[in-house]
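In what follows, a structure is listed as C-alpha cells, so that the remarks can point back to it.
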Amino acid sequence: MRISAEEAARRALILDFEGPLEGAPMIAGLNQDGYEVLALDPRLKRAARSQYGAYYPGPLFIDRLRIHIENGGIIAAYSQHELNKLRDQFGLDVRGSYCDVKKVMQSFGFAHGLLIPPCLSEVEDLFGIRRRSKKPNMTAVMREVAETSSQTKWFKNYPAALRAQWRRVVYHNRQDCKTLSVLLDLVARADAALRVEIA
C-alpha cells in the first residue's frame, strides 16, 4: 500500500528500540505528540521514571501499538529493525501498518536527485540536523543500570557517572525519534504528493 508523505507524517507513531542486537529491546522511544521513553525491561523502570518515562510490560506496550494501528495510525522507524523486533520478540505483526523512514528518504532522494546515505547520522548531516553529543555504548549502559537496580532502590542513589550515562542514552534515543519526525515532516512539506510505501 502507498500513501502520501503528508498522510504518513500525520499518522505516524515514531518507534526506536534500544537494546542488544539479539534478544528483546530494553527500552522503546516513542514520539507522536511528544517524546516518551518506555522501559521494557523491568530493571530499568526507576531509571526511565527519572526521565519522565514509564515502565511498560510487553503486553501493555503491544496493546498501545495495536490501539494506535486500529485507530488508523502507522508505526514509523528507521529500517526494518523495529518491524522484525516487534514480530520476533513481541509476536506483533505490523506489516501493512509500518513505514520505513529510510525507504521514504531514499524515495525522496530519487525523486529529487539527492544521494541519500544509509546511516541516520549521515542523513542528519545532509539535512542540517545537529546532535550535541556522541552516541554512548547504549546496551552496555542499560545493562549496568539494570544490574545496579538490583542493589540500589532509588535512581538518585546510583553512581553519578552512571546516572549521567543513562541520561545520554535517553537523549540519544530522543534525538533519533525526533530526527525521524523531522524527516517525515520535511518530506511532507517538500513533496506532499510523494507516495510512501507502507509495508
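Residues in the C-alpha cells are named by chain (A, B, ... in the order shown) and by number from 1 within that chain; ligands are numbered from 1 in the order shown.
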Near Leu44 (chain A), counting only C-alpha atoms, which residues have an atom at most 9 Å away, once you skip same-chain residues fewer than 5 positions from it, shown as a tab-separated table (two decimals) with N, CA and C atoms, in the first residue's frame?
chain	number	residue	atom	x	y	z
A	26	MET	N	15.46	-3.25	25.33
A	26	MET	CA	15.40	-2.88	26.75
A	26	MET	C	14.56	-1.63	26.96
A	27	ILE	N	14.62	-0.71	26.00
A	27	ILE	CA	13.76	0.48	26.05
A	27	ILE	C	13.17	0.75	24.67
A	39	ALA	N	10.50	1.89	29.54
A	39	ALA	CA	11.34	0.77	29.95
A	39	ALA	C	10.58	-0.52	29.66
A	49	ARG	N	11.66	6.30	34.84
A	49	ARG	CA	10.83	7.28	35.54
A	49	ARG	C	11.61	8.54	35.87
A	55	TYR	N	7.39	2.43	32.94
A	55	TYR	CA	7.64	1.01	32.71
A	55	TYR	C	6.43	0.44	31.99
A	142	MET	N	22.78	0.39	29.54
A	142	MET	CA	21.49	-0.14	30.01
A	142	MET	C	21.69	-1.38	30.87
A	143	ARG	N	22.63	-2.24	30.49
A	143	ARG	CA	22.90	-3.43	31.31
A	143	ARG	C	23.44	-3.05	32.69
A	145	VAL	N	22.91	-0.21	34.28
A	145	VAL	CA	21.78	0.36	35.04
A	145	VAL	C	20.89	-0.77	35.57
A	146	ALA	N	20.63	-1.78	34.73
A	146	ALA	CA	19.79	-2.91	35.14
A	146	ALA	C	20.42	-3.66	36.31
A	149	SER	N	20.20	-1.66	39.55
A	149	SER	CA	18.84	-1.58	40.11
A	149	SER	C	18.57	-2.68	41.13
Original post:
Which of region 90-194 of chain A counts as alpha helix (DSSP H) under DSSP, as a ChimeraX atom specification please?
Top reply: /A:90,101-112,120-126,138-149,160-190
Contacts of region 114-153 of chain A with region 73-93 of chain A up to 12 Å, shortest pair per row, only C-alpha atoms, as a Markdown table:
| residue | atom | partner | partner_atom | distance |
| --- | --- | --- | --- | --- |
| A:Pro118 | CA | A:Ser79 | CA | 9.5 |
| A:Cys119 | CA | A:Tyr78 | CA | 9.4 |
| A:Leu120 | CA | A:Tyr78 | CA | 7.7 |
| A:Ser121 | CA | A:Tyr78 | CA | 11.3 |
| A:Val123 | CA | A:Tyr78 | CA | 11.1 |
Store the residues picked out above, limited to N, CA and C atoms, as a CSV table (one decimal), in the first residue's frame.
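Now in again.csv:
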chain,number,residue,atom,x,y,z
A,118,PRO,N,22.9,5.8,3.8
A,118,PRO,CA,22.1,4.8,4.5
A,118,PRO,C,22.1,5.0,6.0
A,119,CYS,N,23.1,5.7,6.6
A,119,CYS,CA,23.2,5.9,8.0
A,119,CYS,C,22.4,7.1,8.5
A,120,LEU,N,21.7,7.0,9.6
A,120,LEU,CA,20.8,8.1,10.0
A,120,LEU,C,21.7,9.3,10.4
A,121,SER,N,22.8,9.1,11.0
A,121,SER,CA,23.6,10.3,11.4
A,121,SER,C,24.1,11.0,10.1
A,123,VAL,N,22.4,11.1,7.3
A,123,VAL,CA,21.2,11.8,6.8
A,123,VAL,C,21.0,13.1,7.6
task: Could you give me, as a PyMOL selection string, the residues within 12 Å of Ile3 (chain A), counting only C-alpha atoms and dropping anything in the same chain fewer than 6 positions from it?
output: chain A and resi 9-12+74+96-99+104+188+192-199
- Between CA of Ala190 (chain A) and CA of His112 (chain A), measure the distance and give it in Å to one decimal.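 Spanning CA of Ala190 (chain A) to CA of His112 (chain A) is a straight-line distance of 9.9 Å.
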Q. Can you tell me, as a ChimeraX atom specification, what residues are no more than 8 Å from region 166-178 of chain A when counting only C-alpha atoms, ignoring any on the same chain fewer than 5 positions away?
A. /A:14-16,18,29-31,35-37,47,51,131,133,135-136,138,141-142,145
- Item | Computed interatomic separation between CA of Gln165 (chain A) and CA of Asp125 (chain A) (Å) |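 We find that CA of Gln165 (chain A) and CA of Asp125 (chain A) lie 24.0 Å from each other.
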Using CA of Lys102 (chain A) and CA of Asp63 (chain A) as the two end points, give the distance in Å to one decimal.
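Calculated distance between CA of Lys102 (chain A) and CA of Asp63 (chain A) is 25.7 Å.
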*asked:* If you run DSSP on the backbone here, which positions in chain A get strand (DSSP E)? Please write them as number ranges by chain.
replied: A: 2-4, 12-18, 27-31, 35-39, 54-55, 74-77, 98-100, 195-197
Could you give me, as a PyMOL selection string, the residues within 9 Å of Met105 (chain A), counting only C-alpha atoms and dropping anything in the same chain fewer than 4 positions from it?
-> chain A and resi 100-101+109-110+116+123+183-184+187
Just the selected residues (all heavy atoms), exported as an mmCIF file, in the first residue's frame, please.
data_model
loop_
_atom_site.group_PDB
_atom_site.id
_atom_site.type_symbol
_atom_site.label_atom_id
_atom_site.label_comp_id
_atom_site.auth_asym_id
_atom_site.auth_seq_id
_atom_site.Cartn_x
_atom_site.Cartn_y
_atom_site.Cartn_z
ATOM 1 N N ASP A 100 8.934 2.488 6.848
ATOM 2 C CA ASP A 100 10.390 2.501 6.977
ATOM 3 C C ASP A 100 10.889 3.867 6.490
ATOM 4 O O ASP A 100 10.897 4.145 5.297
ATOM 5 C CB ASP A 100 10.987 1.364 6.146
ATOM 6 C CG ASP A 100 12.492 1.251 6.268
ATOM 7 O OD1 ASP A 100 13.146 2.242 6.660
ATOM 8 O OD2 ASP A 100 13.018 0.168 5.953
ATOM 9 N N VAL A 101 11.291 4.712 7.429
ATOM 10 C CA VAL A 101 11.681 6.093 7.088
ATOM 11 C C VAL A 101 12.939 6.103 6.217
ATOM 12 O O VAL A 101 13.114 7.007 5.389
ATOM 13 C CB VAL A 101 11.863 6.948 8.366
ATOM 14 C CG1 VAL A 101 12.291 8.366 8.032
ATOM 15 C CG2 VAL A 101 10.570 6.960 9.178
ATOM 16 N N GLY A 109 14.961 11.095 -2.106
ATOM 17 C CA GLY A 109 16.222 11.393 -2.785
ATOM 18 C C GLY A 109 16.161 11.070 -4.260
ATOM 19 O O GLY A 109 16.598 11.866 -5.105
ATOM 20 N N PHE A 110 15.582 9.916 -4.597
ATOM 21 C CA PHE A 110 15.468 9.521 -6.003
ATOM 22 C C PHE A 110 14.616 10.522 -6.782
ATOM 23 O O PHE A 110 14.950 10.924 -7.896
ATOM 24 C CB PHE A 110 14.866 8.110 -6.100
ATOM 25 C CG PHE A 110 14.747 7.591 -7.502
ATOM 26 C CD1 PHE A 110 15.864 7.112 -8.168
ATOM 27 C CD2 PHE A 110 13.530 7.606 -8.162
ATOM 28 C CE1 PHE A 110 15.763 6.655 -9.473
ATOM 29 C CE2 PHE A 110 13.415 7.150 -9.464
ATOM 30 C CZ PHE A 110 14.537 6.667 -10.119
ATOM 31 N N ILE A 116 20.967 9.831 -0.934
ATOM 32 C CA ILE A 116 20.674 9.726 0.497
ATOM 33 C C ILE A 116 21.552 8.624 1.093
ATOM 34 O O ILE A 116 21.457 7.463 0.681
ATOM 35 C CB ILE A 116 19.180 9.407 0.742
ATOM 36 C CG1 ILE A 116 18.278 10.470 0.101
ATOM 37 C CG2 ILE A 116 18.893 9.258 2.237
ATOM 38 C CD1 ILE A 116 18.389 11.848 0.704
ATOM 39 N N VAL A 123 22.384 11.138 7.268
ATOM 40 C CA VAL A 123 21.180 11.816 6.779
ATOM 41 C C VAL A 123 20.975 13.114 7.573
ATOM 42 O O VAL A 123 20.642 14.158 7.011
ATOM 43 C CB VAL A 123 19.939 10.896 6.865
ATOM 44 C CG1 VAL A 123 18.672 11.644 6.481
ATOM 45 C CG2 VAL A 123 20.117 9.669 5.979
ATOM 46 N N LEU A 183 12.311 14.362 9.702
ATOM 47 C CA LEU A 183 12.476 13.902 8.316
ATOM 48 C C LEU A 183 11.132 13.657 7.640
ATOM 49 O O LEU A 183 10.936 14.055 6.476
ATOM 50 C CB LEU A 183 13.337 12.638 8.277
ATOM 51 C CG LEU A 183 14.812 12.820 8.645
ATOM 52 C CD1 LEU A 183 15.510 11.469 8.705
ATOM 53 C CD2 LEU A 183 15.516 13.763 7.683
ATOM 54 N N LEU A 184 10.201 13.019 8.341
ATOM 55 C CA LEU A 184 8.868 12.811 7.746
ATOM 56 C C LEU A 184 8.173 14.138 7.465
ATOM 57 O O LEU A 184 7.548 14.318 6.409
ATOM 58 C CB LEU A 184 8.005 11.937 8.658
ATOM 59 C CG LEU A 184 8.292 10.444 8.658
ATOM 60 C CD1 LEU A 184 7.400 9.733 9.666
ATOM 61 C CD2 LEU A 184 8.120 9.832 7.268
ATOM 62 N N VAL A 187 9.859 15.832 4.372
ATOM 63 C CA VAL A 187 9.414 15.233 3.110
ATOM 64 C C VAL A 187 7.975 15.647 2.812
ATOM 65 O O VAL A 187 7.647 16.003 1.669
ATOM 66 C CB VAL A 187 9.557 13.693 3.153
ATOM 67 C CG1 VAL A 187 8.879 13.047 1.957
ATOM 68 C CG2 VAL A 187 11.028 13.290 3.221
#
Restricting to only C-alpha atoms, whichever of A:Glu147, A:Leu186, A:Glu124, A:Ile67 is closest to Asp41 (chain A) is A:Glu147
Restrict the calculation to only C-alpha atoms, then for each residue of region 21-130 of chain A with any atom at most 8 Å from an atom of region 150-161 of chain A give the closest atom pair and their distance in Å to one decimal, rows by chain and rising residue number, as JSON lines.
{"residue": "A:Arg43", "atom": "CA", "partner": "A:Ser150", "partner_atom": "CA", "distance": 7.4}
{"residue": "A:Arg46", "atom": "CA", "partner": "A:Phe155", "partner_atom": "CA", "distance": 5.9}
{"residue": "A:Ala47", "atom": "CA", "partner": "A:Phe155", "partner_atom": "CA", "distance": 5.9}
{"residue": "A:Ser50", "atom": "CA", "partner": "A:Phe155", "partner_atom": "CA", "distance": 7.1}
